[in-house]
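Down below is the structure, laid out as structure tokens.
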Amino acid sequence: MRRRTNTFLICAGIAAALAGCAPMGDAPARDEATATRVDAIFADYASEAGPGCSMGVIQDGRLIHATGYGTANLDHGIPNGPATIFRTGSVSKQFTAGAIALLAVRGDLELDAPVQRYIPEFPDYPDPPTVRHLVHHTSGVRDYILLMSLAGNRSEDFYTNQEVLDAINRQRELNFEPGAEYLYSNAGYFLLGEIVARVSGQSLREFAESEFFGPLGMTHTHFHDDHNEIVPNRAIGYAPTDDGFRINVTTLDMVGDGGVFTSVEEWVAWDRNLTEGTVGGPEWVALMHERGVLNSGDTIPYAFGISHGEHRGLATVGHTGSWVGYRAAMSRYPEAGYSFVAFCNRSAIAPATLIASTAEIYLEDRMEPVEGEEAEVAEVEAPAEATGDADSPDVPDLDIPNRAHYAGSFYSPELDTTYRIVAEGDDGLTLLVGRLDPAALMAESEGVLTSERGMFFRFSELADDRYQAMMVDAGRVQNLRFARVEG
């Protein structure tokens, strides 16, 4: 049996006034044909036996269609609906960037100031990244989620905000010269949240509540900076298993790069603010949509926590989010006056694809015909967020004839962690790090190893038949230096 909780227009009383919706009595007649086509897109996630999504369609700042699919809480059989509260992952970044933009518009913060002006303990790099670099992911600052994983933390392990800040501040090298490249970094947005707190004197949660969520009437939206806090009407995150689902949530309290809890109903007010600037004004709206520019002069799609794209001839602005058992996506079509949003509580869902298909239903008469392969919406994907692991490399698994060259312990002061490389069997090498499971190492060439976790190890300084140094690359973290130690 499928479960779909549908309201064509979700509005009532005070919530209607705050969300900018028409009262139920003013709702247009339900378009059954359109609703049926949307249902077909989400059909795989509509069963009451599994988690699913809530989705919404916004036209000119009004919620015209909102539906819940699947179950928010499998323990109690509570369905997903437009008022269900979801963790939104990196979709949250636009709120953090919005806070930075608001402080900049008010003159309280300088976007082109070095990060160290606001966080004095931040490393003193020769070419210092600026606040603007953090916003556009052009800072070169290494991703903290991956740093914590590389330091031996499992996805279920707990660590504090201070430990994350300490890890970022231990780094002595950037991935690249600030402004030279675009590389998505959760550390950048964690630091932006810290900058908001230090400039405003309020936590990011308090600032967002007083400056955005309160004035916009988003009474059930917040930065979730306490994982033990009770949240009424919350969807639980789940991951699929061979015989069903398991709860997949986090004990971490970091916000800035993520952490906003909200609903489809409440999203409408934020979507409208991105056009009207009720909070922030026209200057804030323009700044939010301002794309980053590289040192080369090339303009990148990424703006302030949102990314410009294109879908079958229509300009889009959107973002995706993925963290533990939650997935989220929002996409705005400014020229057409439509926005689409989906929040999901199952890790094996691609909501960006779902809302792109939904947009094609509503905007098919304005879109260019599909030629060849199906068009894709240009959104921001952050595949490494949920685990901290990079994609596994496709490299040859060569014999390692000189295993003694590699075996031993290597220490990184930037991670404050020791890696042990152990000879296993007749020709294998195994990596041991913290509380992580052992990982097999494979040879790409002499002096270069890879692991099943997507890490590359480059060894140097061969002395006494043993490499004395190695450098590790792992996606959003490059050039981590290790030196051989005893033990």
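Scheme for the structure tokens: letters A, B, ... for chains in order shown; per-chain residue numbers from 1; ligand numbers from 1 in order shown.
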
As a PyMOL selection string, which residues of region 265-487 of chain A does DSSP assign to alpha helix (DSSP H)?
chain A and resi 265-276+281-288+351-363

Can you write out the residues you just picked, keeping N, CA, C and O atoms, as a tab-separated table (two decimals), in the first residue's frame?
```
chain	number	residue	atom	x	y	z
A	265	GLU	N	6.80	23.41	4.01
A	265	GLU	CA	5.92	24.54	4.30
A	265	GLU	C	6.71	25.80	4.63
A	265	GLU	O	6.43	26.89	4.12
A	266	GLU	N	7.72	25.65	5.47
A	266	GLU	CA	8.46	26.82	5.92
A	266	GLU	C	9.46	27.31	4.88
A	266	GLU	O	9.86	28.48	4.91
A	267	TRP	N	9.84	26.43	3.98
A	267	TRP	CA	10.81	26.81	2.96
A	267	TRP	C	10.29	27.95	2.08
A	267	TRP	O	11.07	28.75	1.55
A	268	VAL	N	8.99	28.04	1.93
A	268	VAL	CA	8.39	29.03	1.04
A	268	VAL	C	8.84	30.45	1.40
A	268	VAL	O	9.15	31.25	0.51
A	269	ALA	N	8.88	30.76	2.67
A	269	ALA	CA	9.26	32.11	3.10
A	269	ALA	C	10.70	32.42	2.71
A	269	ALA	O	11.01	33.55	2.30
A	270	TRP	N	11.58	31.44	2.84
A	270	TRP	CA	12.98	31.66	2.45
A	270	TRP	C	13.10	31.81	0.94
A	270	TRP	O	13.81	32.68	0.45
A	271	ASP	N	12.39	30.97	0.20
A	271	ASP	CA	12.42	31.06	-1.25
A	271	ASP	C	11.97	32.45	-1.71
A	271	ASP	O	12.59	33.06	-2.59
A	272	ARG	N	10.93	32.96	-1.09
A	272	ARG	CA	10.43	34.28	-1.46
A	272	ARG	C	11.44	35.37	-1.10
A	272	ARG	O	11.61	36.34	-1.84
A	273	ASN	N	12.15	35.20	0.01
A	273	ASN	CA	13.14	36.21	0.42
A	273	ASN	C	14.30	36.28	-0.57
A	273	ASN	O	14.90	37.34	-0.74
A	274	LEU	N	14.61	35.16	-1.22
A	274	LEU	CA	15.68	35.17	-2.22
A	274	LEU	C	15.31	36.00	-3.44
A	274	LEU	O	16.18	36.37	-4.23
A	275	THR	N	14.02	36.30	-3.59
A	275	THR	CA	13.58	37.18	-4.68
A	275	THR	C	13.28	38.59	-4.17
A	275	THR	O	13.73	39.59	-4.75
A	276	GLU	N	12.55	38.67	-3.07
A	276	GLU	CA	12.04	39.96	-2.61
A	276	GLU	C	12.97	40.68	-1.64
A	276	GLU	O	12.90	41.91	-1.51
A	281	GLY	N	17.10	43.23	1.81
A	281	GLY	CA	16.90	44.20	0.75
A	281	GLY	C	17.51	43.79	-0.58
A	281	GLY	O	18.13	42.73	-0.70
A	282	PRO	N	17.36	44.62	-1.60
A	282	PRO	CA	17.85	44.30	-2.95
A	282	PRO	C	19.35	44.05	-3.00
A	282	PRO	O	19.82	43.20	-3.77
A	283	GLU	N	20.13	44.80	-2.21
A	283	GLU	CA	21.58	44.61	-2.23
A	283	GLU	C	21.95	43.23	-1.73
A	283	GLU	O	22.85	42.57	-2.28
A	284	TRP	N	21.24	42.75	-0.71
A	284	TRP	CA	21.47	41.40	-0.19
A	284	TRP	C	21.10	40.36	-1.23
A	284	TRP	O	21.85	39.39	-1.46
A	285	VAL	N	19.97	40.51	-1.89
A	285	VAL	CA	19.53	39.56	-2.92
A	285	VAL	C	20.58	39.48	-4.03
A	285	VAL	O	20.95	38.39	-4.48
A	286	ALA	N	21.06	40.63	-4.49
A	286	ALA	CA	22.07	40.64	-5.55
A	286	ALA	C	23.35	39.95	-5.11
A	286	ALA	O	23.96	39.17	-5.87
A	287	LEU	N	23.77	40.20	-3.86
A	287	LEU	CA	25.00	39.59	-3.36
A	287	LEU	C	24.86	38.08	-3.24
A	287	LEU	O	25.79	37.34	-3.56
A	288	MET	N	23.71	37.61	-2.81
A	288	MET	CA	23.48	36.17	-2.69
A	288	MET	C	23.65	35.45	-4.02
A	288	MET	O	24.04	34.27	-4.06
A	351	PRO	N	17.24	13.48	-4.73
A	351	PRO	CA	16.13	14.43	-4.85
A	351	PRO	C	16.32	15.45	-5.96
A	351	PRO	O	15.33	15.96	-6.49
A	352	ALA	N	17.56	15.77	-6.35
A	352	ALA	CA	17.76	16.72	-7.45
A	352	ALA	C	17.15	16.18	-8.74
A	352	ALA	O	16.56	16.94	-9.52
A	353	THR	N	17.29	14.88	-8.95
A	353	THR	CA	16.69	14.27	-10.13
A	353	THR	C	15.17	14.30	-10.05
A	353	THR	O	14.48	14.55	-11.05
A	354	LEU	N	14.64	14.06	-8.87
A	354	LEU	CA	13.18	14.04	-8.68
A	354	LEU	C	12.56	15.41	-8.95
A	354	LEU	O	11.53	15.53	-9.62
A	355	ILE	N	13.19	16.46	-8.43
A	355	ILE	CA	12.60	17.78	-8.63
A	355	ILE	C	12.85	18.30	-10.04
A	355	ILE	O	12.07	19.10	-10.56
A	356	ALA	N	13.94	17.84	-10.68
A	356	ALA	CA	14.14	18.20	-12.08
A	356	ALA	C	13.03	17.61	-12.94
A	356	ALA	O	12.50	18.27	-13.84
A	357	SER	N	12.66	16.35	-12.66
A	357	SER	CA	11.56	15.72	-13.39
A	357	SER	C	10.23	16.42	-13.10
A	357	SER	O	9.38	16.57	-13.98
A	358	THR	N	10.05	16.85	-11.85
A	358	THR	CA	8.84	17.59	-11.49
A	358	THR	C	8.78	18.92	-12.23
A	358	THR	O	7.73	19.34	-12.72
A	359	ALA	N	9.92	19.60	-12.31
A	359	ALA	CA	9.97	20.88	-13.03
A	359	ALA	C	9.57	20.70	-14.49
A	359	ALA	O	8.92	21.57	-15.08
A	360	GLU	N	9.94	19.57	-15.08
A	360	GLU	CA	9.60	19.34	-16.48
A	360	GLU	C	8.09	19.19	-16.68
A	360	GLU	O	7.58	19.47	-17.77
A	361	ILE	N	7.38	18.76	-15.66
A	361	ILE	CA	5.93	18.70	-15.75
A	361	ILE	C	5.33	20.10	-15.77
A	361	ILE	O	4.48	20.43	-16.61
A	362	TYR	N	5.81	20.95	-14.86
A	362	TYR	CA	5.23	22.29	-14.73
A	362	TYR	C	5.72	23.26	-15.80
A	362	TYR	O	5.01	24.21	-16.14
A	363	LEU	N	6.93	23.02	-16.31
A	363	LEU	CA	7.54	24.00	-17.20
A	363	LEU	C	7.82	23.43	-18.59
A	363	LEU	O	8.58	24.01	-19.36
```

Excluding Asp464 (chain A) and residues on its chain fewer than 6 positions from it, collect all residues at most 12 Å away from it, counting only C-alpha atoms, and give them as a PyMOL selection string.
chain A and resi 404-406

Tell me, in Å to one decimal, how far CA of Ser210 (chain A) is from CA of Lys93 (chain A).
17.5 Å

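You can rank A:Ser200, A:Ser339, A:Ala440, A:Tyr144 by their closest distance to Tyr159 (chain A) using only C-alpha atoms, and at the top of that list sits A:Tyr144.
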
Close residues, Ala350 (chain A) itself excluded, 9 Å, only C-alpha atoms, min 3 positions apart in chain, as a PDB file with all heavy atoms, in the first residue's frame:
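Result went into selection.pdb, see below:
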```pdb
ATOM      1  N   ARG A 327      18.620  13.423   2.527  1.00  0.00           N
ATOM      2  CA  ARG A 327      18.970  14.005   1.237  1.00  0.00           C
ATOM      3  C   ARG A 327      18.012  15.162   0.969  1.00  0.00           C
ATOM      4  O   ARG A 327      16.830  15.102   1.326  1.00  0.00           O
ATOM      5  CB  ARG A 327      18.868  12.976   0.108  1.00  0.00           C
ATOM      6  CG  ARG A 327      19.808  11.783   0.261  1.00  0.00           C
ATOM      7  CD  ARG A 327      21.265  12.193   0.132  1.00  0.00           C
ATOM      8  NE  ARG A 327      22.198  11.075   0.226  1.00  0.00           N
ATOM      9  CZ  ARG A 327      22.750  10.638   1.345  1.00  0.00           C
ATOM     10  NH1 ARG A 327      22.447  11.224   2.505  1.00  0.00           N
ATOM     11  NH2 ARG A 327      23.598   9.631   1.337  1.00  0.00           N
ATOM     12  N   ALA A 328      18.510  16.214   0.330  1.00  0.00           N
ATOM     13  CA  ALA A 328      17.692  17.402   0.087  1.00  0.00           C
ATOM     14  C   ALA A 328      18.120  18.054  -1.217  1.00  0.00           C
ATOM     15  O   ALA A 328      19.269  17.918  -1.647  1.00  0.00           O
ATOM     16  CB  ALA A 328      17.830  18.398   1.242  1.00  0.00           C
ATOM     17  N   ALA A 329      17.198  18.756  -1.834  1.00  0.00           N
ATOM     18  CA  ALA A 329      17.510  19.525  -3.043  1.00  0.00           C
ATOM     19  C   ALA A 329      16.503  20.645  -3.195  1.00  0.00           C
ATOM     20  O   ALA A 329      15.317  20.478  -2.903  1.00  0.00           O
ATOM     21  CB  ALA A 329      17.497  18.632  -4.284  1.00  0.00           C
ATOM     22  N   CYS A 344      14.220  14.607   1.959  1.00  0.00           N
ATOM     23  CA  CYS A 344      14.037  13.156   2.030  1.00  0.00           C
ATOM     24  C   CYS A 344      14.755  12.584   3.246  1.00  0.00           C
ATOM     25  O   CYS A 344      15.765  13.130   3.692  1.00  0.00           O
ATOM     26  CB  CYS A 344      14.565  12.486   0.762  1.00  0.00           C
ATOM     27  SG  CYS A 344      13.892  13.172  -0.779  1.00  0.00           S
ATOM     28  N   SER A 347      18.725   7.604   2.603  1.00  0.00           N
ATOM     29  CA  SER A 347      20.011   7.971   2.017  1.00  0.00           C
ATOM     30  C   SER A 347      20.112   7.610   0.545  1.00  0.00           C
ATOM     31  O   SER A 347      20.848   8.261  -0.198  1.00  0.00           O
ATOM     32  CB  SER A 347      21.153   7.306   2.801  1.00  0.00           C
ATOM     33  OG  SER A 347      21.043   5.900   2.745  1.00  0.00           O
ATOM     34  N   THR A 353      17.288  14.882  -8.952  1.00  0.00           N
ATOM     35  CA  THR A 353      16.693  14.265 -10.132  1.00  0.00           C
ATOM     36  C   THR A 353      15.172  14.295 -10.050  1.00  0.00           C
ATOM     37  O   THR A 353      14.483  14.552 -11.053  1.00  0.00           O
ATOM     38  CB  THR A 353      17.185  12.817 -10.277  1.00  0.00           C
ATOM     39  OG1 THR A 353      18.611  12.817 -10.392  1.00  0.00           O
ATOM     40  CG2 THR A 353      16.586  12.147 -11.503  1.00  0.00           C
ATOM     41  N   LEU A 354      14.636  14.055  -8.866  1.00  0.00           N
ATOM     42  CA  LEU A 354      13.179  14.042  -8.684  1.00  0.00           C
ATOM     43  C   LEU A 354      12.565  15.412  -8.949  1.00  0.00           C
ATOM     44  O   LEU A 354      11.534  15.531  -9.624  1.00  0.00           O
ATOM     45  CB  LEU A 354      12.833  13.565  -7.273  1.00  0.00           C
ATOM     46  CG  LEU A 354      13.292  12.156  -6.896  1.00  0.00           C
ATOM     47  CD1 LEU A 354      12.960  11.865  -5.436  1.00  0.00           C
ATOM     48  CD2 LEU A 354      12.649  11.115  -7.796  1.00  0.00           C
TER      49      LEU A 354
END
```

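Residue nearest His220 (chain A), chosen from A:Val260, A:Leu147, A:Met442, A:Leu462 and counting only C-alpha atoms: A:Val260.
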
Fewer than 3 positions away in the same chain doesn't count, so skip those; otherwise give me all residues within 8 Å of region 226-235 of chain A, counting only C-alpha atoms, as a list in words.
Ala72, Asn73, Asn80, Ala83, Thr84, Ile85, Phe86, Thr250, Thr251, Leu252, Asp253 and Asn345 of chain A

Counting only C-alpha atoms, which residue out of A:Pro178, A:Gly428, A:Gly152, A:Gly305 sits closest to Leu441 (chain A)?
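Nearest to Leu441 (chain A): A:Gly428.
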
Would you list the contacts of region 110-121 of chain A as number ranges by chain, taking every protein, DNA or RNA residue within 8 Å and counting only C-alpha atoms, but skipping same-chain residues closer than 6 positions in sequence?
A: 104, 128-132, 169, 194-195, 198-199

I need the residues from that last selection saved to file as a PDB file, in the first residue's frame (with N, CA, C and O atoms), if you can.
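Result file follows (part30.pdb):
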```pdb
ATOM      1  N   ALA A 104      27.862  41.761   5.706  1.00  0.00           N
ATOM      2  CA  ALA A 104      28.631  42.553   4.751  1.00  0.00           C
ATOM      3  C   ALA A 104      27.838  43.762   4.264  1.00  0.00           C
ATOM      4  O   ALA A 104      28.372  44.880   4.171  1.00  0.00           O
ATOM      5  N   PRO A 128      46.993  34.487   2.233  1.00  0.00           N
ATOM      6  CA  PRO A 128      45.854  34.135   3.091  1.00  0.00           C
ATOM      7  C   PRO A 128      44.526  34.129   2.343  1.00  0.00           C
ATOM      8  O   PRO A 128      44.246  35.025   1.549  1.00  0.00           O
ATOM      9  N   PRO A 129      43.702  33.115   2.583  1.00  0.00           N
ATOM     10  CA  PRO A 129      42.356  33.116   2.013  1.00  0.00           C
ATOM     11  C   PRO A 129      41.484  34.172   2.690  1.00  0.00           C
ATOM     12  O   PRO A 129      41.684  34.507   3.863  1.00  0.00           O
ATOM     13  N   THR A 130      40.517  34.677   1.940  1.00  0.00           N
ATOM     14  CA  THR A 130      39.602  35.690   2.460  1.00  0.00           C
ATOM     15  C   THR A 130      38.240  35.086   2.765  1.00  0.00           C
ATOM     16  O   THR A 130      37.956  33.929   2.420  1.00  0.00           O
ATOM     17  N   VAL A 131      37.403  35.883   3.392  1.00  0.00           N
ATOM     18  CA  VAL A 131      36.025  35.453   3.654  1.00  0.00           C
ATOM     19  C   VAL A 131      35.329  35.118   2.339  1.00  0.00           C
ATOM     20  O   VAL A 131      34.614  34.120   2.229  1.00  0.00           O
ATOM     21  N   ARG A 132      35.528  35.943   1.319  1.00  0.00           N
ATOM     22  CA  ARG A 132      34.901  35.689   0.031  1.00  0.00           C
ATOM     23  C   ARG A 132      35.358  34.355  -0.551  1.00  0.00           C
ATOM     24  O   ARG A 132      34.574  33.620  -1.166  1.00  0.00           O
ATOM     25  N   ASN A 169      42.923  24.483  12.208  1.00  0.00           N
ATOM     26  CA  ASN A 169      44.012  25.400  12.550  1.00  0.00           C
ATOM     27  C   ASN A 169      45.377  24.711  12.607  1.00  0.00           C
ATOM     28  O   ASN A 169      46.414  25.393  12.617  1.00  0.00           O
ATOM     29  N   GLU A 194      31.571  30.288  12.239  1.00  0.00           N
ATOM     30  CA  GLU A 194      32.373  30.808  13.353  1.00  0.00           C
ATOM     31  C   GLU A 194      32.574  32.315  13.203  1.00  0.00           C
ATOM     32  O   GLU A 194      32.533  33.062  14.196  1.00  0.00           O
ATOM     33  N   ILE A 195      32.772  32.783  11.979  1.00  0.00           N
ATOM     34  CA  ILE A 195      32.940  34.223  11.744  1.00  0.00           C
ATOM     35  C   ILE A 195      31.660  34.974  12.088  1.00  0.00           C
ATOM     36  O   ILE A 195      31.707  36.043  12.718  1.00  0.00           O
ATOM     37  N   ARG A 198      31.575  35.360  15.827  1.00  0.00           N
ATOM     38  CA  ARG A 198      32.551  36.282  16.401  1.00  0.00           C
ATOM     39  C   ARG A 198      32.251  37.736  16.031  1.00  0.00           C
ATOM     40  O   ARG A 198      32.523  38.640  16.815  1.00  0.00           O
ATOM     41  N   VAL A 199      31.691  37.965  14.860  1.00  0.00           N
ATOM     42  CA  VAL A 199      31.363  39.331  14.456  1.00  0.00           C
ATOM     43  C   VAL A 199      30.090  39.824  15.134  1.00  0.00           C
ATOM     44  O   VAL A 199      30.015  40.961  15.595  1.00  0.00           O
TER      45      VAL A 199
END
```

Can you pull out every residue within 10 Å of Gln468 (chain A), counting only C-alpha atoms, but drop anything in the same chain fewer than 2 positions away, and send it as a list in words?
His405, Tyr406, Gly408, Ser409, Phe410, Phe459, Ser460, Glu461, Leu462, Ala463, Asp464, Asp465, Arg466, Met470, Phe482, Ala483, Arg484 and Val485 of chain A

Out of A:Tyr182, A:Phe245, A:Tyr238, A:Phe95, which residue has the shortest atom-to-atom distance to Ser296 (chain A) when counting only C-alpha atoms?
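The shortest atom-to-atom distance to Ser296 (chain A) comes from A:Tyr182.
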
Which is closer to Gly61 (chain A) than all the others in A:Pro334, A:Gly280, A:Gly292, A:Pro123, using only C-alpha atoms?
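Result for the nearest residue to Gly61 (chain A): A:Pro334.
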
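Using only C-alpha atoms, the nearest neighbour of His136 (chain A) within the list A:Phe176, A:Phe212, A:Phe122, A:Tyr302 is A:Tyr302.
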
Write out as a PyMOL selection string each polymer residue whose atoms come within 7 Å of Arg291 (chain A), counting only C-alpha atoms; drop sequence neighbours fewer than 3 positions from it.
chain A and resi 299-303

Deliver the residues from the most recent selection as a file, using N, CA and C atoms, as a PDB file, in the first residue's frame.
```pdb
ATOM      1  N   THR A 299      34.617  33.027 -14.318  1.00  0.00           N
ATOM      2  CA  THR A 299      33.510  33.040 -13.364  1.00  0.00           C
ATOM      3  C   THR A 299      33.030  31.617 -13.130  1.00  0.00           C
ATOM      4  N   ILE A 300      32.809  31.253 -11.880  1.00  0.00           N
ATOM      5  CA  ILE A 300      32.335  29.923 -11.536  1.00  0.00           C
ATOM      6  C   ILE A 300      30.832  29.971 -11.260  1.00  0.00           C
ATOM      7  N   PRO A 301      30.134  28.845 -11.306  1.00  0.00           N
ATOM      8  CA  PRO A 301      28.694  28.852 -11.053  1.00  0.00           C
ATOM      9  C   PRO A 301      28.321  29.169  -9.603  1.00  0.00           C
ATOM     10  N   TYR A 302      29.224  28.880  -8.647  1.00  0.00           N
ATOM     11  CA  TYR A 302      28.854  28.949  -7.231  1.00  0.00           C
ATOM     12  C   TYR A 302      28.778  30.394  -6.751  1.00  0.00           C
ATOM     13  N   ALA A 303      27.679  30.725  -6.088  1.00  0.00           N
ATOM     14  CA  ALA A 303      27.466  32.055  -5.528  1.00  0.00           C
ATOM     15  C   ALA A 303      27.546  31.967  -4.011  1.00  0.00           C
TER      16      ALA A 303
END
```

What gap, in Å, lies between CA of Asp473 (chain A) and CA of Met455 (chain A)?
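Interatomic distance, CA of Asp473 (chain A) to CA of Met455 (chain A): 5.8 Å.
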
May I have all residues of region 46-102 of chain A that DSSP, computed from the backbone, assigns to strand (DSSP E or B), given as a PDB file with N, CA and C atoms, in the first residue's frame?
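The file below, result_20.pdb, is the result:
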```pdb
ATOM      1  N   SER A  47       5.795   4.190  -0.344  1.00  0.00           N
ATOM      2  CA  SER A  47       5.288   3.103   0.488  1.00  0.00           C
ATOM      3  C   SER A  47       5.367   3.456   1.970  1.00  0.00           C
ATOM      4  N   CYS A  53       9.994  11.147   1.087  1.00  0.00           N
ATOM      5  CA  CYS A  53      10.271  12.569   0.879  1.00  0.00           C
ATOM      6  C   CYS A  53       9.030  13.415   1.141  1.00  0.00           C
ATOM      7  N   SER A  54       9.283  14.700   1.327  1.00  0.00           N
ATOM      8  CA  SER A  54       8.259  15.721   1.190  1.00  0.00           C
ATOM      9  C   SER A  54       8.713  16.652   0.085  1.00  0.00           C
ATOM     10  N   MET A  55       7.800  17.062  -0.761  1.00  0.00           N
ATOM     11  CA  MET A  55       8.162  17.924  -1.871  1.00  0.00           C
ATOM     12  C   MET A  55       7.195  19.089  -1.985  1.00  0.00           C
ATOM     13  N   GLY A  56       7.665  20.173  -2.602  1.00  0.00           N
ATOM     14  CA  GLY A  56       6.808  21.328  -2.791  1.00  0.00           C
ATOM     15  C   GLY A  56       7.096  22.029  -4.100  1.00  0.00           C
ATOM     16  N   VAL A  57       6.058  22.626  -4.651  1.00  0.00           N
ATOM     17  CA  VAL A  57       6.169  23.446  -5.851  1.00  0.00           C
ATOM     18  C   VAL A  57       5.731  24.861  -5.475  1.00  0.00           C
ATOM     19  N   ILE A  58       6.576  25.831  -5.763  1.00  0.00           N
ATOM     20  CA  ILE A  58       6.325  27.228  -5.410  1.00  0.00           C
ATOM     21  C   ILE A  58       6.226  28.043  -6.691  1.00  0.00           C
ATOM     22  N   GLN A  59       5.170  28.818  -6.805  1.00  0.00           N
ATOM     23  CA  GLN A  59       4.998  29.702  -7.957  1.00  0.00           C
ATOM     24  C   GLN A  59       4.832  31.132  -7.466  1.00  0.00           C
ATOM     25  N   ARG A  62       4.340  31.514  -3.754  1.00  0.00           N
ATOM     26  CA  ARG A  62       3.215  30.829  -3.102  1.00  0.00           C
ATOM     27  C   ARG A  62       3.349  29.330  -3.305  1.00  0.00           C
ATOM     28  N   LEU A  63       3.096  28.580  -2.258  1.00  0.00           N
ATOM     29  CA  LEU A  63       3.151  27.118  -2.324  1.00  0.00           C
ATOM     30  C   LEU A  63       1.892  26.621  -3.018  1.00  0.00           C
ATOM     31  N   ILE A  64       2.043  26.088  -4.226  1.00  0.00           N
ATOM     32  CA  ILE A  64       0.872  25.665  -4.991  1.00  0.00           C
ATOM     33  C   ILE A  64       0.663  24.160  -4.980  1.00  0.00           C
ATOM     34  N   HIS A  65       1.687  23.419  -4.570  1.00  0.00           N
ATOM     35  CA  HIS A  65       1.545  21.960  -4.483  1.00  0.00           C
ATOM     36  C   HIS A  65       2.526  21.452  -3.441  1.00  0.00           C
ATOM     37  N   ALA A  66       2.073  20.651  -2.512  1.00  0.00           N
ATOM     38  CA  ALA A  66       2.949  20.089  -1.477  1.00  0.00           C
ATOM     39  C   ALA A  66       2.461  18.705  -1.123  1.00  0.00           C
ATOM     40  N   THR A  67       3.377  17.766  -1.063  1.00  0.00           N
ATOM     41  CA  THR A  67       3.007  16.367  -0.878  1.00  0.00           C
ATOM     42  C   THR A  67       4.057  15.649  -0.038  1.00  0.00           C
ATOM     43  N   GLY A  68       3.601  14.720   0.777  1.00  0.00           N
ATOM     44  CA  GLY A  68       4.515  13.863   1.516  1.00  0.00           C
ATOM     45  C   GLY A  68       4.412  12.438   1.013  1.00  0.00           C
ATOM     46  N   TYR A  69       5.546  11.768   0.903  1.00  0.00           N
ATOM     47  CA  TYR A  69       5.600  10.381   0.448  1.00  0.00           C
ATOM     48  C   TYR A  69       6.365   9.553   1.473  1.00  0.00           C
ATOM     49  N   THR A  71       7.319   7.359   4.922  1.00  0.00           N
ATOM     50  CA  THR A  71       7.159   7.455   6.366  1.00  0.00           C
ATOM     51  C   THR A  71       8.291   8.240   7.009  1.00  0.00           C
ATOM     52  N   ALA A  72       7.910   9.140   7.907  1.00  0.00           N
ATOM     53  CA  ALA A  72       8.888   9.956   8.630  1.00  0.00           C
ATOM     54  C   ALA A  72       9.508   9.199   9.790  1.00  0.00           C
ATOM     55  N   ASN A  73       8.725   8.341  10.429  1.00  0.00           N
ATOM     56  CA  ASN A  73       9.177   7.598  11.608  1.00  0.00           C
ATOM     57  C   ASN A  73       8.646   6.179  11.508  1.00  0.00           C
ATOM     58  N   ILE A  78       4.567   7.168  11.376  1.00  0.00           N
ATOM     59  CA  ILE A  78       4.147   8.550  11.124  1.00  0.00           C
ATOM     60  C   ILE A  78       4.527   8.925   9.698  1.00  0.00           C
ATOM     61  N   PRO A  79       3.581   9.389   8.895  1.00  0.00           N
ATOM     62  CA  PRO A  79       3.874   9.679   7.489  1.00  0.00           C
ATOM     63  C   PRO A  79       4.623  10.997   7.306  1.00  0.00           C
ATOM     64  N   ILE A  85       9.606  18.021   9.587  1.00  0.00           N
ATOM     65  CA  ILE A  85      10.898  18.696   9.712  1.00  0.00           C
ATOM     66  C   ILE A  85      12.016  17.754   9.293  1.00  0.00           C
ATOM     67  N   PHE A  86      12.870  18.205   8.377  1.00  0.00           N
ATOM     68  CA  PHE A  86      13.983  17.416   7.867  1.00  0.00           C
ATOM     69  C   PHE A  86      15.305  18.135   8.117  1.00  0.00           C
ATOM     70  N   ARG A  87      16.361  17.357   8.310  1.00  0.00           N
ATOM     71  CA  ARG A  87      17.725  17.879   8.221  1.00  0.00           C
ATOM     72  C   ARG A  87      18.024  18.074   6.733  1.00  0.00           C
TER      73      ARG A  87
END
```
